[in-house]
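Here is start-v4.txt, consisting of compact mmCIF, C-alpha atoms:
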```txt
# COMPACT_ATOMS: atom_id res chain seq x y z
CA MET A 1 -130.69 92.02 40.11
CA PRO A 2 -127.11 91.44 41.33
CA LYS A 3 -124.26 90.48 39.05
CA LEU A 4 -123.72 86.77 38.51
CA LYS A 5 -120.41 85.19 39.47
CA THR A 6 -118.41 83.42 36.79
CA ASN A 7 -117.14 79.95 37.66
CA ARG A 8 -113.39 80.54 37.47
CA GLY A 9 -112.55 76.88 36.88
CA ALA A 10 -114.80 76.81 33.83
CA ALA A 11 -113.45 80.17 32.62
CA LYS A 12 -109.93 78.70 32.51
CA ARG A 13 -111.05 75.62 30.59
CA PHE A 14 -113.56 76.90 28.03
CA SER A 15 -113.62 79.78 25.59
CA LEU A 16 -116.70 80.85 23.64
CA LYS A 17 -116.20 81.14 19.89
CA GLY A 18 -118.09 83.34 17.46
CA SER A 19 -120.27 80.44 16.34
CA GLY A 20 -121.60 80.03 19.89
CA LYS A 21 -119.64 76.85 20.54
CA PHE A 22 -117.34 76.37 23.52
CA LYS A 23 -113.79 75.33 22.67
CA HIS A 24 -111.75 73.25 25.11
CA ARG A 25 -108.47 71.36 25.21
CA SER A 26 -108.50 67.64 24.44
CA ALA A 27 -108.20 65.25 27.36
CA TYR A 28 -105.62 62.42 27.73
CA ARG A 29 -102.69 64.59 26.63
CA ASN A 30 -100.95 65.26 29.97
CA HIS A 31 -98.86 62.28 31.02
CA ILE A 32 -98.14 58.61 30.29
CA LEU A 33 -97.67 59.55 26.66
CA THR A 34 -95.17 56.78 25.84
CA LYS A 35 -97.82 54.09 25.47
CA LYS A 36 -100.05 56.26 23.29
CA SER A 37 -99.54 56.10 19.55
CA THR A 38 -98.15 59.04 17.61
CA LYS A 39 -101.37 59.25 15.60
CA ARG A 40 -103.47 59.42 18.77
CA LYS A 41 -101.28 62.17 20.28
CA ARG A 42 -101.34 64.12 17.02
CA HIS A 43 -105.14 64.10 16.92
CA LEU A 44 -105.28 65.21 20.56
CA ARG A 45 -103.37 68.41 19.70
CA HIS A 46 -106.43 69.93 18.10
CA PRO A 47 -109.11 71.62 20.21
CA SER A 48 -112.46 70.00 20.81
CA TYR A 49 -115.90 71.55 21.11
CA LEU A 50 -118.59 70.92 23.70
CA SER A 51 -121.71 69.03 22.70
CA ALA A 52 -125.07 70.81 22.67
CA ALA A 53 -126.08 69.24 26.00
CA ASP A 54 -122.85 70.34 27.71
CA THR A 55 -123.07 73.81 26.17
CA ARG A 56 -126.25 74.48 28.16
CA GLU A 57 -124.40 73.69 31.40
CA ALA A 58 -121.38 75.76 30.39
CA ARG A 59 -123.60 78.80 29.77
CA GLN A 60 -124.74 78.65 33.39
CA LEU A 61 -121.14 78.50 34.62
CA LEU A 62 -120.07 81.33 32.29
CA PRO A 63 -122.98 83.79 32.26
CA TYR A 64 -121.03 86.59 30.54
CA ALA A 65 -119.05 84.53 28.03
```
What is this structure when it is put down as structure tokens?
Amino acid sequence: MPKLKTNRGAAKRFSLKGSGKFKHRSAYRNHILTKKSTKRKRHLRHPSYLSAADTREARQLLPYA
């Protein structure tokens, strides 16, 4: 069986943690930040985790993660 290729776009966006969850950066934190409240921006600083349904898809994109 040949080696599987890792999806490089997914590899840059997700990292697998010890618990088996995929960590990713929160969305809506890049630009047009002036109209967003300080509280909203503060909560977006923290990483998010993929849902169980999305984790199945991420495992296919990152076979060796």
Contacts of A:Arg59 within 12 Å, all atoms listed in the file, excl. fewer than 3 positions in-chain, as a list in words = Leu4, Thr6, Asn7, Ala10, Ala11, Phe14, Ser15, Leu16, Gly20, Lys21, Phe22, Leu50, Ala52, Ala53, Asp54, Thr55, Arg56, Leu62, Pro63, Tyr64 and Ala65 of chain A
Go through A:Lys5, A:His24, A:Lys12, A:Arg29 one by one, measure the shortest atom-to-atom distance of each to A:Arg42 using all atoms listed in the file, and give the residue with the smallest value.
-> A:Arg29
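Taking atom CA of A:Arg8 and atom CA of A:Ser51 as the two end points, the separation is 20.5 Å.
Atom CA of A:His31 is positioned 12.6 Å from atom CA of A:Leu44.
Note that atom CA of A:Arg25 and atom CA of A:Tyr49 are 8.5 Å apart.
Compared by their closest atoms to A:Pro47, and using all atoms listed in the file, the residues A:Gly18, A:Pro2, A:Ser26, A:Arg13 rank with A:Ser26 nearest.
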